[in-house]
Every structure is written in C-alpha cells, then in structure tokens.
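Engineer: This is final-v6.tsv, which holds TSV, C-alpha atoms and all ligand atoms:
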chain	number	residue	atom	x	y	z
A	1	MET	CA	-121.55	75.45	67.53
A	2	ASN	CA	-118.10	76.93	67.76
A	3	ILE	CA	-118.26	78.71	71.14
A	4	VAL	CA	-115.89	81.17	72.83
A	5	ILE	CA	-115.86	81.33	76.64
A	6	LEU	CA	-114.38	84.32	78.50
A	7	GLY	CA	-113.04	83.15	81.84
A	8	ALA	CA	-111.69	79.69	82.66
A	9	GLY	CA	-112.62	79.57	86.33
A	10	ILE	CA	-114.69	76.64	87.53
A	11	ALA	CA	-117.92	78.06	86.04
A	12	GLY	CA	-116.46	78.62	82.56
A	13	LEU	CA	-114.88	75.16	82.61
A	14	ALA	CA	-118.07	73.47	83.82
A	15	ALA	CA	-119.91	75.13	80.90
A	16	ALA	CA	-117.12	73.90	78.60
A	17	ASP	CA	-117.51	70.32	79.93
A	18	SER	CA	-121.26	70.42	79.40
A	19	LEU	CA	-121.09	71.95	75.90
A	20	HIS	CA	-118.27	69.69	74.77
A	21	ALA	CA	-120.27	66.66	75.90
A	22	ALA	CA	-123.18	67.94	73.76
A	23	GLY	CA	-120.91	68.04	70.68
A	24	HIS	CA	-119.98	71.73	70.60
A	25	GLN	CA	-116.47	73.04	70.05
A	26	VAL	CA	-115.26	75.33	72.86
A	27	THR	CA	-112.32	77.71	73.19
A	28	LEU	CA	-111.58	79.49	76.48
A	29	PHE	CA	-109.55	82.61	77.21
A	30	ASP	CA	-108.42	83.63	80.70
A	31	LYS	CA	-106.30	86.54	81.81
A	32	GLY	CA	-104.74	84.53	84.66
A	33	ARG	CA	-101.23	83.13	84.30
A	34	GLY	CA	-102.48	79.67	85.24
A	35	PRO	CA	-105.65	77.78	86.19
A	36	GLY	CA	-107.78	78.55	89.24
A	37	GLY	CA	-109.57	81.88	89.07
A	38	ARG	CA	-110.80	82.46	92.62
A	39	MET	CA	-109.69	78.88	93.44
A	40	SER	CA	-106.09	79.74	92.68
A	41	THR	CA	-102.92	78.84	94.55
A	42	ARG	CA	-100.04	81.26	95.13
A	43	ARG	CA	-96.60	79.67	94.71
A	44	VAL	CA	-93.52	81.31	96.22
A	45	GLU	CA	-89.82	80.41	96.02
A	46	LEU	CA	-87.98	81.13	99.24
A	47	GLY	CA	-84.35	80.29	98.42
A	48	ALA	CA	-84.39	76.63	97.44
A	49	GLU	CA	-87.72	76.06	99.15
A	50	LYS	CA	-91.11	76.23	97.46
A	51	LEU	CA	-94.13	77.46	99.42
A	52	GLN	CA	-97.74	77.37	98.33
A	53	PHE	CA	-100.87	79.05	99.67
A	54	ASP	CA	-104.54	78.58	98.74
A	55	HIS	CA	-105.23	82.30	98.85
A	56	GLY	CA	-108.74	82.26	97.31
A	57	ALA	CA	-111.40	79.65	98.13
A	58	GLN	CA	-110.41	77.71	101.25
A	59	TYR	CA	-112.51	74.59	100.82
A	60	PHE	CA	-115.69	73.64	99.01
A	61	THR	CA	-118.89	72.03	100.10
A	62	VAL	CA	-120.50	69.10	98.30
A	63	ARG	CA	-124.27	69.09	98.72
A	64	ASP	CA	-125.71	68.70	95.23
A	65	GLU	CA	-125.83	65.12	93.90
A	66	ARG	CA	-124.45	66.07	90.45
A	67	PHE	CA	-121.57	67.93	92.03
A	68	ARG	CA	-120.96	64.97	94.34
A	69	ARG	CA	-120.47	62.71	91.30
A	70	GLN	CA	-117.99	65.24	89.88
A	71	VAL	CA	-116.08	65.49	93.17
A	72	ASN	CA	-115.95	61.69	93.50
A	73	ALA	CA	-114.40	61.58	90.01
A	74	TRP	CA	-111.87	64.24	91.07
A	75	GLN	CA	-111.05	62.22	94.17
A	76	ALA	CA	-110.49	59.12	92.02
A	77	SER	CA	-108.11	61.20	89.86
A	78	GLY	CA	-106.24	62.40	92.96
A	79	VAL	CA	-107.15	66.10	92.58
A	80	ALA	CA	-109.57	66.45	95.54
A	81	SER	CA	-109.84	65.15	99.05
A	82	PRO	CA	-112.13	65.64	102.07
A	83	TRP	CA	-110.79	68.01	104.75
A	84	ARG	CA	-112.62	67.13	107.93
A	85	ALA	CA	-110.93	69.89	109.96
A	86	ALA	CA	-113.18	72.39	108.13
A	87	GLY	CA	-116.41	70.39	108.35
A	88	GLU	CA	-118.17	67.14	107.50
A	89	ASP	CA	-118.83	68.12	103.88
A	90	ALA	CA	-115.65	70.15	103.30
A	91	TRP	CA	-113.30	69.25	100.45
A	92	VAL	CA	-110.09	70.73	99.07
A	93	GLY	CA	-108.15	70.40	95.84
A	94	THR	CA	-104.99	68.27	96.15
A	95	PRO	CA	-102.10	68.98	96.20
A	96	ALA	CA	-103.43	72.56	95.90
A	97	MET	CA	-106.83	74.20	95.64
A	98	ASN	CA	-106.46	74.89	91.94
A	99	ALA	CA	-105.94	71.18	91.11
A	100	PRO	CA	-109.58	70.44	90.06
A	101	VAL	CA	-109.60	73.49	87.78
A	102	ARG	CA	-106.22	72.51	86.31
A	103	HIS	CA	-107.64	69.01	85.73
A	104	MET	CA	-110.73	70.39	83.98
A	105	ALA	CA	-108.69	72.84	81.88
A	106	ALA	CA	-106.52	70.00	80.54
A	107	ALA	CA	-109.55	68.64	78.65
A	108	HIS	CA	-110.15	71.86	76.66
A	109	ALA	CA	-108.47	74.46	74.47
A	110	VAL	CA	-107.72	77.04	77.18
A	111	HIS	CA	-105.54	80.07	76.52
A	112	PHE	CA	-104.19	81.52	79.76
A	113	GLY	CA	-102.53	84.92	79.97
A	114	HIS	CA	-105.03	86.40	77.50
A	115	HIS	CA	-106.87	89.48	78.76
A	116	ALA	CA	-110.21	89.92	76.96
A	117	MET	CA	-110.96	93.55	76.11
A	118	ALA	CA	-114.22	93.44	74.11
A	119	LEU	CA	-116.76	91.17	72.43
A	120	THR	CA	-118.16	92.33	69.10
A	121	ARG	CA	-120.87	90.82	66.92
A	122	SER	CA	-121.44	90.98	63.16
A	123	ALA	CA	-123.24	88.88	60.55
A	124	GLN	CA	-120.29	86.44	60.65
A	125	GLY	CA	-120.68	85.90	64.39
A	126	TRP	CA	-118.82	86.85	67.58
A	127	ARG	CA	-115.28	88.18	67.70
A	128	LEU	CA	-113.15	88.51	70.81
A	129	ARG	CA	-110.67	91.37	71.08
A	130	LEU	CA	-107.70	90.66	73.30
A	131	GLN	CA	-104.85	92.98	74.24
A	132	GLU	CA	-102.71	91.32	71.54
A	133	GLY	CA	-105.21	90.80	68.70
A	134	GLU	CA	-108.57	89.40	67.65
A	135	HIS	CA	-110.07	85.89	67.56
A	136	GLY	CA	-113.19	84.61	65.81
A	137	PRO	CA	-115.69	84.45	64.39
A	138	TYR	CA	-117.57	82.20	66.83
A	139	ASP	CA	-121.22	81.08	66.67
A	140	ALA	CA	-121.82	81.85	70.35
A	141	ALA	CA	-120.13	83.68	73.22
A	142	ILE	CA	-120.20	82.95	76.95
A	143	VAL	CA	-119.13	85.38	79.66
A	144	ALA	CA	-117.94	83.43	82.72
A	145	LEU	CA	-116.45	86.30	84.73
A	146	PRO	CA	-117.26	87.82	88.14
A	147	ALA	CA	-120.39	90.03	87.88
A	148	GLU	CA	-118.59	93.37	87.98
A	149	GLN	CA	-116.30	92.31	85.12
A	150	ALA	CA	-119.09	90.53	83.18
A	151	ALA	CA	-121.27	93.67	83.15
A	152	ALA	CA	-118.92	95.52	80.80
A	153	PHE	CA	-118.99	92.72	78.18
A	154	LEU	CA	-122.73	92.05	78.45
A	155	GLY	CA	-123.71	95.73	78.42
A	156	ALA	CA	-122.73	96.22	74.78
A	157	HIS	CA	-125.22	93.53	73.66
A	158	ASP	CA	-127.94	92.70	76.21
A	159	LEU	CA	-128.94	95.40	78.68
A	160	GLN	CA	-131.08	93.08	80.78
A	161	MET	CA	-128.21	90.66	81.36
A	162	ALA	CA	-125.88	93.57	82.09
A	163	GLY	CA	-128.43	94.94	84.57
A	164	TYR	CA	-128.45	91.66	86.49
A	165	ALA	CA	-124.65	91.71	86.61
A	166	MET	CA	-124.56	95.34	87.77
A	167	ALA	CA	-127.03	94.56	90.57
A	168	ALA	CA	-124.69	91.91	92.04
A	169	ARG	CA	-122.28	93.71	94.36
A	170	SER	CA	-119.46	91.47	95.56
A	171	GLN	CA	-117.67	91.88	98.86
A	172	PRO	CA	-113.89	92.25	98.78
A	173	CYS	CA	-111.52	90.09	100.81
A	174	TRP	CA	-108.04	90.95	102.02
A	175	THR	CA	-105.99	87.76	102.36
A	176	THR	CA	-102.64	87.43	104.10
A	177	MET	CA	-100.29	84.49	103.50
A	178	ILE	CA	-97.79	83.73	106.28
A	179	ALA	CA	-95.03	81.14	106.73
A	180	PHE	CA	-93.62	80.66	110.25
A	181	GLU	CA	-90.25	79.27	111.35
A	182	GLY	CA	-91.98	76.70	113.55
A	183	ARG	CA	-95.42	75.55	114.64
A	184	LEU	CA	-97.78	78.33	115.71
A	185	PRO	CA	-99.02	77.35	119.21
A	186	LEU	CA	-102.69	77.17	118.26
A	187	ALA	CA	-104.50	73.86	118.60
A	188	ALA	CA	-107.12	74.32	115.86
A	189	ASP	CA	-106.23	74.18	112.15
A	190	CYS	CA	-108.95	76.72	111.32
A	191	ILE	CA	-110.50	79.75	112.96
A	192	ARG	CA	-113.82	81.33	111.98
A	193	GLN	CA	-115.17	84.81	112.70
A	194	GLN	CA	-112.87	86.09	115.42
A	195	GLY	CA	-112.20	89.80	115.66
A	196	ILE	CA	-111.24	91.09	112.21
A	197	ILE	CA	-110.57	87.53	111.01
A	198	GLY	CA	-113.32	86.04	108.87
A	199	TRP	CA	-111.37	82.84	108.39
A	200	ALA	CA	-107.84	81.58	109.05
A	201	ALA	CA	-106.37	78.16	108.31
A	202	ARG	CA	-103.16	76.23	108.74
A	203	ASP	CA	-102.81	75.80	104.99
A	204	GLY	CA	-99.93	73.33	105.19
A	205	ALA	CA	-102.10	70.94	107.23
A	206	LYS	CA	-104.64	70.41	104.46
A	207	PRO	CA	-104.58	66.94	102.85
A	208	GLY	CA	-101.87	66.40	100.24
A	209	ARG	CA	-99.71	69.32	101.47
A	210	ASP	CA	-96.17	69.09	102.82
A	211	GLY	CA	-97.15	69.89	106.41
A	212	GLY	CA	-95.12	73.15	106.55
A	213	GLU	CA	-96.30	75.85	108.95
A	214	THR	CA	-98.08	78.10	106.47
A	215	TRP	CA	-101.25	80.06	107.26
A	216	VAL	CA	-103.84	81.89	105.19
A	217	VAL	CA	-105.73	84.60	107.06
A	218	GLN	CA	-108.76	86.29	105.52
A	219	ALA	CA	-110.35	89.46	106.87
A	220	HIS	CA	-114.09	89.93	107.24
A	221	GLY	CA	-115.82	91.34	104.17
A	222	SER	CA	-116.79	94.51	106.06
A	223	TRP	CA	-113.25	95.06	107.37
A	224	SER	CA	-111.86	94.40	103.87
A	225	ALA	CA	-114.25	96.98	102.40
A	226	GLN	CA	-113.26	99.57	105.01
A	227	HIS	CA	-109.55	98.96	104.38
A	228	LEU	CA	-109.74	98.36	100.64
A	229	GLU	CA	-107.18	101.02	99.74
A	230	ASP	CA	-104.78	100.31	102.62
A	231	SER	CA	-101.30	99.11	101.70
A	232	ALA	CA	-100.68	95.34	101.57
A	233	GLU	CA	-98.04	95.82	104.29
A	234	ALA	CA	-100.48	97.50	106.69
A	235	VAL	CA	-103.11	94.81	106.08
A	236	GLY	CA	-100.51	92.06	106.57
A	237	THR	CA	-99.49	93.54	109.94
A	238	ALA	CA	-103.12	93.82	111.09
A	239	LEU	CA	-104.04	90.26	110.11
A	240	LEU	CA	-100.80	88.81	111.53
A	241	ASP	CA	-101.46	90.57	114.85
A	242	ALA	CA	-105.03	89.28	114.85
A	243	LEU	CA	-103.81	85.71	114.27
A	244	LEU	CA	-101.05	85.94	116.90
A	245	SER	CA	-103.54	87.27	119.45
A	246	ARG	CA	-105.33	83.88	119.19
A	247	ALA	CA	-102.13	81.87	119.76
A	248	GLU	CA	-100.13	81.15	122.88
A	249	ARG	CA	-96.75	82.79	123.40
A	250	PRO	CA	-93.99	82.63	122.39
A	251	ALA	CA	-94.94	82.67	118.71
A	252	PRO	CA	-92.40	81.47	116.12
A	253	ALA	CA	-90.72	84.00	113.83
A	254	VAL	CA	-92.34	84.92	110.53
A	255	ARG	CA	-90.24	84.01	107.50
A	256	TYR	CA	-92.65	85.04	104.75
A	257	ILE	CA	-95.67	87.33	104.66
A	258	ALA	CA	-97.62	88.80	101.73
A	259	SER	CA	-101.16	90.05	101.22
A	260	HIS	CA	-103.54	89.85	98.31
A	261	ARG	CA	-106.62	92.01	97.76
A	262	TRP	CA	-109.57	90.27	96.11
A	263	ARG	CA	-111.78	93.10	94.92
A	264	PHE	CA	-114.65	90.83	93.91
A	265	ALA	CA	-114.40	87.89	96.31
A	266	MET	CA	-117.85	86.95	97.53
A	267	THR	CA	-120.97	87.58	95.47
A	268	PRO	CA	-124.38	87.87	97.13
A	269	GLY	CA	-125.63	85.36	94.50
A	270	ALA	CA	-128.95	85.35	92.64
A	271	ASP	CA	-131.50	82.68	91.97
A	272	MET	CA	-131.07	82.62	88.19
A	273	GLY	CA	-128.55	79.82	87.68
A	274	ALA	CA	-127.34	81.05	84.31
A	275	LEU	CA	-128.42	83.35	81.45
A	276	TRP	CA	-128.84	82.54	77.76
A	277	ASN	CA	-130.04	84.82	74.95
A	278	GLU	CA	-130.85	82.43	72.10
A	279	GLN	CA	-131.34	85.21	69.57
A	280	LEU	CA	-127.88	86.66	70.12
A	281	ARG	CA	-126.34	83.36	71.19
A	282	LEU	CA	-124.85	85.09	74.20
A	283	GLY	CA	-124.69	83.47	77.63
A	284	ALA	CA	-123.44	84.14	81.15
A	285	CYS	CA	-122.54	81.86	84.05
A	286	GLY	CA	-120.65	82.17	87.30
A	287	ASP	CA	-121.16	82.13	91.04
A	288	TRP	CA	-122.94	85.52	90.93
A	289	LEU	CA	-125.88	83.84	89.19
A	290	GLN	CA	-126.31	81.24	91.93
A	291	GLY	CA	-124.36	81.78	95.13
A	292	PRO	CA	-120.94	82.54	96.66
A	293	ARG	CA	-119.46	79.07	96.50
A	294	VAL	CA	-117.36	76.84	94.28
A	295	GLU	CA	-120.22	74.34	94.14
A	296	PHE	CA	-122.66	77.01	92.90
A	297	ALA	CA	-120.22	78.25	90.25
A	298	TRP	CA	-119.88	74.68	88.92
A	299	LEU	CA	-123.66	74.24	88.92
A	300	SER	CA	-124.09	77.56	87.08
A	301	GLY	CA	-121.77	76.41	84.26
A	302	HIS	CA	-123.75	73.19	83.86
A	303	ARG	CA	-127.03	75.08	84.06
A	304	LEU	CA	-125.91	77.20	81.10
A	305	GLY	CA	-125.04	74.06	79.14
A	306	ALA	CA	-128.55	72.73	79.85
A	307	LEU	CA	-130.19	76.03	78.79
A	308	ILE	CA	-128.32	75.98	75.48
A	309	GLY	CA	-129.29	72.35	74.94
A	310	ALA	CA	-132.95	73.08	75.68
A	311	ALA	CA	-132.96	76.08	73.30
A	312	ALA	CA	-131.44	73.96	70.53
A	313	ALA	CA	-134.02	71.20	71.09
A	314	ALA	CA	-136.87	73.74	70.92
A	315	ALA	CA	-135.62	75.33	67.67
B	401	LIG	C1	-110.90	84.99	99.23
B	401	LIG	C2	-111.96	84.05	98.77
B	401	LIG	C3	-112.40	83.04	99.60
B	401	LIG	C4	-113.38	82.16	99.19
B	401	LIG	N1	-113.73	81.11	100.00
B	401	LIG	C5	-114.58	80.17	99.54
B	401	LIG	C6	-114.81	78.99	100.28
B	401	LIG	O1	-114.21	78.77	101.33
B	401	LIG	N2	-115.69	78.08	99.78
B	401	LIG	C7	-116.32	78.26	98.57
B	401	LIG	O2	-117.08	77.38	98.13
B	401	LIG	N3	-116.09	79.36	97.83
B	401	LIG	C8	-115.24	80.32	98.29
B	401	LIG	N4	-114.98	81.41	97.53
B	401	LIG	C9	-115.78	81.66	96.32
B	401	LIG	C10	-115.32	80.79	95.14
B	401	LIG	O3	-113.92	80.91	94.99
B	401	LIG	C11	-116.04	81.28	93.89
B	401	LIG	O4	-117.45	81.22	94.13
B	401	LIG	C12	-115.74	80.48	92.63
B	401	LIG	O5	-114.38	80.13	92.54
B	401	LIG	C13	-116.18	81.32	91.45
B	401	LIG	O6	-115.89	80.66	90.23
B	401	LIG	P1	-116.20	81.40	88.86
B	401	LIG	O7	-115.74	80.51	87.78
B	401	LIG	O8	-117.61	81.86	88.86
B	401	LIG	O9	-115.31	82.74	88.89
B	401	LIG	P2	-113.73	82.90	88.90
B	401	LIG	O10	-113.07	81.78	89.61
B	401	LIG	O11	-113.47	84.29	89.37
B	401	LIG	O12	-113.35	82.77	87.34
B	401	LIG	C14	-113.40	83.86	86.46
B	401	LIG	C15	-112.15	83.83	85.59
B	401	LIG	O13	-112.23	84.94	84.67
B	401	LIG	C16	-110.93	85.42	84.45
B	401	LIG	N5	-111.05	86.81	83.96
B	401	LIG	C17	-111.54	87.91	84.60
B	401	LIG	N6	-111.53	88.97	83.77
B	401	LIG	C18	-111.06	88.53	82.58
B	401	LIG	C19	-110.82	89.15	81.32
B	401	LIG	N7	-111.09	90.44	81.08
B	401	LIG	N8	-110.31	88.38	80.31
B	401	LIG	C20	-110.04	87.07	80.49
B	401	LIG	N9	-110.25	86.44	81.68
B	401	LIG	C21	-110.76	87.16	82.68
B	401	LIG	C22	-110.23	85.31	85.81
B	401	LIG	O14	-108.84	85.22	85.63
B	401	LIG	C23	-110.84	84.01	86.35
B	401	LIG	O15	-110.01	82.88	86.11
B	401	LIG	C24	-113.97	82.31	97.92
B	401	LIG	C25	-113.52	83.32	97.06
B	401	LIG	C26	-112.52	84.18	97.47
B	401	LIG	C27	-111.99	85.21	96.51
How does the structure come out when it is put into structure tokens?

Structural biologist:
Amino acid sequence: MNIVILGAGIAGLAAADSLHAAGHQVTLFDKGRGPGGRMSTRRVELGAEKLQFDHGAQYFTVRDERFRRQVNAWQASGVASPWRAAGEDAWVGTPAMNAPVRHMAAAHAVHFGHHAMALTRSAQGWRLRLQEGEHGPYDAAIVALPAEQAAAFLGAHDLQMAGYAMAARSQPCWTTMIAFEGRLPLAADCIRQQGIIGWAARDGAKPGRDGGETWVVQAHGSWSAQHLEDSAEAVGTALLDALLSRAERPAPAVRYIASHRWRFAMTPGADMGALWNEQLRLGACGDWLQGPRVEFAWLSGHRLGALIGAAAAAA
C-alpha cells in the first residue's frame, strides 16, 4: 500500500519502519520545523555560542526486549546512550534527545513544516489537506498525533476511534530552560518531585553534551494545569525560584531563560496498543494508546504495523 502518516514523532516513525519493512510505501507529514515531536531539542544562539535544551522527554526507559534491540542499534549508531544519573534503565538521545527520531526520519520520506488540516476519503483513496495544498490519493492513512489532536482527524471517519482519543486527557507541562554563568551549587544532576518541580535536570551533564551549565526544569502536571494561561515570564520566574531554593548560595547569574508550554505532554495511556480499521484503511498510533513514555509510543507504532500485517494476511 501507499500509506500517508500524519505526525513524525517516534510513534509515526516506528509505524513507518514496520510498514516499510513489510514492503509498503510510506510518506510522513509533520508540522514541526525539525524531527523530535515531544522528544525535541530547543537550540538557541547566544552571540557566537550555541545552547541546546532537551525541553520535552528527559530520558527514556528500556524495558521491552524489542525496544532494547532498537536502542542497542541506536547506541551502535551513536544516537543514544545510557544516562545512569537518572536511573539504571535510563537512556538519552546523543548529542540531543531528538537524535534517535532524526536518525529514524532519515530512512523515510518525511516532510517537516507541513501542518495537516484534514483527511478526506473518496473512491480513489485518502487525501491529505495541508495549509499549502493537497496530497494523495493514498491507499491508507495513519494518524500518529497526540490524542487531543488525533480526535479531530479520526472523528470525520470513525467515531469509535475518535471516542477513544477524546477520552484520553493529557496533562500539560510547563518547562523552563535556564543557562547559568557558572555551576549551580547543587550536587545532584537531577531532582524529582520537590515543591512545584516535577523534574529538573542539569541538561548539559547528559552524555554527549558539552558540559555547559544548562538546566531544564519541569513543573508538576497539576501546577502546570493551574497555571496554564500564565505568561511564560511568570512561569520562568516561579520555576527558577523553585530550583534556586534547592541550591546553596551564592547562585551564579542567569544568562538565558525561556519557558515552553506543552499543552498535551503526558497522556494517561490506554491498554489498546494501536487502532486499525481495515474497512476504511485508517489507523492510529501514539503514546496515548499505550502509556506516557517514549518506549510505549515506539511500541504503539510497531503494534500498528503488526495489526496491518495481520489484517492483510487474513484477507
Ligand atoms: C515535557 C515532557 C516530558 C516528558 N518526559 C518523558 C520522559 O522523561 N520519559 C519518557 O519516556 N517520556 C516522556 N515524555 C513523553 C514522551 O515524550 C512521549 O510519550 C512520546 O514522545 C510521544 O511520541 P508520539 O510519537 O506518540 O507523539 P509526538 O512526539 O507528540 O509526535 C506527534 C507529532 O505530530 C506532529 N503534529 C501534531 N499535529 C500535527 C498536524 N496537525 N499536522 C502535522 N503534524 C502534526 C507533532 O509535530 C509531532 O512531531 C515527556 C513528554 C513531555 C512533553
């Protein structure tokens, strides 16, 4: 089949890997400027200096055997490395969190910077409407977006699938990225669940980074929800204060600070794996169908590939 995939995060790309291996032709569209989705990396130029921050997923676990084989292959390609500071089974992308997704995207026809507006279906097949025009027809369509965004595309074609997506309510996450003039006097490289901080990490100390004193501070989901419409400046001040309250004095000066609001950060997850409607040839994958982790999103993409393979074998 000639298949279109909306969303080139890790789930969409895992589905692409699986379908390509089964002999299908896949084309992906993603509204992001570059690879990563919720595993993306923010890059900032400060004069002549370049800073980077993993402002989405902080690390990923490796518990499933199939995912372990994938991560070992990434490690061999230099795009992932264990990060013991976060736990025994914690890994990060190298030199940035989006590296595994970038690596996967290189193997497929991925069009970044393309915002999907609608999916339509006729006797010729599926067509994708983007802000700047239409693509298609395709034999099958896959929606690999966060649940809240997937619901709109699925709702026009399969109400049951759309209902599952609407039932998944993600928690938001305010994230603040900070660069200091010198080392923050705090012994640990990561902090979990302290005050309004859900997680904070010395980002520059992750493997494969340049060692600069950069921090990523993420607020609790409940605090993020309560402060969803606050200004980025106010959130930055609150999260910086919370981080500094954990450090000894004197703290070094701040030379860069910015905040990012993830509206749909952490999904509650469901036990469905992936969805496939063989009659319509419409599918869905993503973390919301399995659980709020990189590993689950990858597994969901492969699960969809397996469902499509099983349906073809049964036909
Ligand atoms: C702040 C934060 C912290 C996290 N921390 C961790 C962690 O420590 N460990 C962990 O395992 N997981 C963590 N996660 C969760 C993890 O990042 C996700 O589970 C995983 O990346 C989801 O992958 P996905 O492919 O399902 O979705 P996404 O990565 O969201 O991919 C969906 C893609 O769809 C694209 N898109 C959306 N709408 C459109 C449209 N209309 N048209 C075209 N493209 C579109 C987006 O640009 C995106 O690239 C975190 C997430 C966030 C946000």

Engineer: So how far away is CA of Glu295 (chain A) from CA of Gln25 (chain A), in Å?

Structural biologist: 24.4 Å

Engineer: Ile3 (chain A): which residues within 10 Å, counting all atoms listed in the file, same-chain residues fewer than 3 positions away excluded, as a ChimeraX atom specification?

Structural biologist: /A:16,19-20,24-28,126,136-142,281-282

Engineer: Residues around (-133.2, 81.2, 69.3), cut-off 9 Å, counting only C-alpha atoms - what are they as a VMD selection string?

Structural biologist: chain A and resid 277 to 281 311 to 312 314 to 315

Engineer: Could you check how far CA of Gln226 (chain A) sits from CA of Thr214 (chain A), in Å to one decimal?

Structural biologist: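 Spanning CA of Gln226 (chain A) to CA of Thr214 (chain A) is a straight-line distance of 26.3 Å.
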
Engineer: Put a box with edges along x, y and z around all the listed atoms of ligand LIG 401 (chain B), pad it by 6 Å on each side, then give me its centre and sizes in Å, one decimal, as lines of an AutoDock Vina configuration file.

Structural biologist:
center_x = -113.2
center_y = 83.9
center_z = 90.8
size_x = 20.8
size_y = 25.1
size_z = 33.0

Engineer: Between A:Gln124, A:Gln52, A:Asn2, A:Ser40, which is the closest to ligand LIG 401 (chain B) once you count only C-alpha atoms and all ligand atoms?

Structural biologist: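 Checking each of A:Gln124, A:Gln52, A:Asn2, A:Ser40 against ligand LIG 401 (chain B), counting only C-alpha atoms and all ligand atoms, the winner is A:Ser40.
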
Engineer: How far is it from CA of Val216 (chain A) to CA of Trp91 (chain A), in Å with one decimal?

Structural biologist: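 Computing the Euclidean distance for CA of Val216 (chain A) and CA of Trp91 (chain A) yields 16.5 Å.
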
Engineer: Please determine, counting all atoms listed in the file, which residue among A:Arg255, A:His135, A:Arg246, A:His111 has the shortest atom-to-atom distance to ligand LIG 401 (chain B).

Structural biologist: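 Going through A:Arg255, A:His135, A:Arg246, A:His111 one by one, the smallest distance to ligand LIG 401 (chain B) is for A:His111.
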
Engineer: Name the closest residue to Gly155 (chain A) among the candidates A:Ala313, A:Val143, A:Trp215, A:Pro292; distances are taken between atoms, counting all atoms listed in the file.

Structural biologist: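 Checking each of A:Ala313, A:Val143, A:Trp215, A:Pro292 against Gly155 (chain A), counting all atoms listed in the file, the winner is A:Val143.
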
Engineer: Extract, using all atoms listed in the file, all DNA, RNA and protein residues at most 7 Å from Asn98 (chain A), discarding same-chain residues fewer than 5 positions from it, and format them as a PyMOL selection string.

Structural biologist: chain A and resi 35-36+39-41+93

Engineer: Could you please take those selected residues and save C-alpha atoms as a tab-separated table (two decimals), in the coordinates of the input?

Structural biologist:
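Dumped everything to result_7.tsv:
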chain	number	residue	atom	x	y	z
A	35	PRO	CA	-105.65	77.78	86.19
A	36	GLY	CA	-107.78	78.55	89.24
A	39	MET	CA	-109.69	78.88	93.44
A	40	SER	CA	-106.09	79.74	92.68
A	41	THR	CA	-102.92	78.84	94.55
A	93	GLY	CA	-108.15	70.40	95.84

Engineer: So which residues touch Gly133 (chain A) within 12 Å, counting all atoms listed in the file, skipping near sequence neighbours fewer than 2 positions away, as a count of residues only?

Structural biologist: 12

Engineer: Need the shell around Cys173 (chain A): protein/DNA/RNA residues with any atom at most 8 Å away, counting all atoms listed in the file. Skip same-chain ones fewer than 2 positions apart. Format as an MDAnalysis selection string?

Structural biologist: chainID A and resid 171 175 218:221 224:225 261:266

Engineer: Check the smallest atom-to-atom distance from each of A:Arg169, A:Arg33, A:Arg38, A:Arg183 to ligand LIG 401 (chain B) using only C-alpha atoms and all ligand atoms, then report the winner.

Structural biologist: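 Comparing A:Arg169, A:Arg33, A:Arg38, A:Arg183 against ligand LIG 401 (chain B), the winner is A:Arg38.
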
Engineer: Extract, using only C-alpha atoms, all DNA, RNA and protein residues at most 8 Å from region 199-209 of chain A, discarding same-chain residues fewer than 6 positions from it, and format them as a ChimeraX atom specification.

Structural biologist: /A:53-54,81-83,92,94-96,189-193,215-220,243

Engineer: Between A:Ala86, A:Ala11, A:Ile197, A:Val79, which residue has the minimum interatomic distance to Tyr59 (chain A), considering all atoms listed in the file?

Structural biologist: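 Once distances to Tyr59 (chain A) are computed over all atoms listed in the file, the minimum belongs to A:Ala86.
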
Engineer: Will you give me region 59-71 of chain A, written with N, CA, C and O atoms and laid out as a compact mmCIF listing (two decimals), in the first residue's frame?

Structural biologist:
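Output file out.txt is given in full below:
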# COMPACT_ATOMS: atom_id res chain seq x y z
N TYR A 59 14.42 11.56 29.43
CA TYR A 59 15.18 10.33 29.22
C TYR A 59 14.14 9.27 28.87
O TYR A 59 12.93 9.52 28.97
N PHE A 60 14.59 8.11 28.41
CA PHE A 60 13.60 7.05 28.18
C PHE A 60 14.06 5.75 28.81
O PHE A 60 15.25 5.48 28.95
N THR A 61 13.07 4.98 29.20
CA THR A 61 13.35 3.68 29.81
C THR A 61 13.41 2.63 28.70
O THR A 61 12.86 2.81 27.62
N VAL A 62 14.08 1.52 29.01
CA VAL A 62 14.20 0.42 28.04
C VAL A 62 13.88 -0.86 28.78
O VAL A 62 14.72 -1.43 29.47
N ARG A 63 12.63 -1.29 28.68
CA ARG A 63 12.19 -2.49 29.43
C ARG A 63 11.73 -3.60 28.51
O ARG A 63 11.86 -4.76 28.84
N ASP A 64 11.18 -3.25 27.36
CA ASP A 64 10.69 -4.24 26.41
C ASP A 64 11.88 -4.77 25.57
O ASP A 64 12.73 -3.98 25.15
N GLU A 65 11.89 -6.07 25.34
CA GLU A 65 13.02 -6.69 24.62
C GLU A 65 13.17 -6.15 23.20
O GLU A 65 14.28 -5.95 22.72
N ARG A 66 12.02 -5.92 22.51
CA ARG A 66 12.10 -5.42 21.13
C ARG A 66 12.66 -4.01 21.12
O ARG A 66 13.48 -3.65 20.28
N PHE A 67 12.22 -3.21 22.11
CA PHE A 67 12.73 -1.84 22.18
C PHE A 67 14.22 -1.85 22.54
O PHE A 67 14.99 -1.04 22.05
N ARG A 68 14.61 -2.81 23.38
CA ARG A 68 16.03 -2.91 23.75
C ARG A 68 16.90 -3.14 22.51
O ARG A 68 17.95 -2.54 22.34
N ARG A 69 16.40 -4.01 21.59
CA ARG A 69 17.19 -4.26 20.37
C ARG A 69 17.31 -2.97 19.55
O ARG A 69 18.36 -2.66 19.00
N GLN A 70 16.21 -2.21 19.49
CA GLN A 70 16.23 -0.94 18.77
C GLN A 70 17.23 0.04 19.41
O GLN A 70 18.03 0.67 18.72
N VAL A 71 17.17 0.12 20.75
CA VAL A 71 18.04 1.09 21.44
C VAL A 71 19.51 0.66 21.31
O VAL A 71 20.40 1.50 21.16
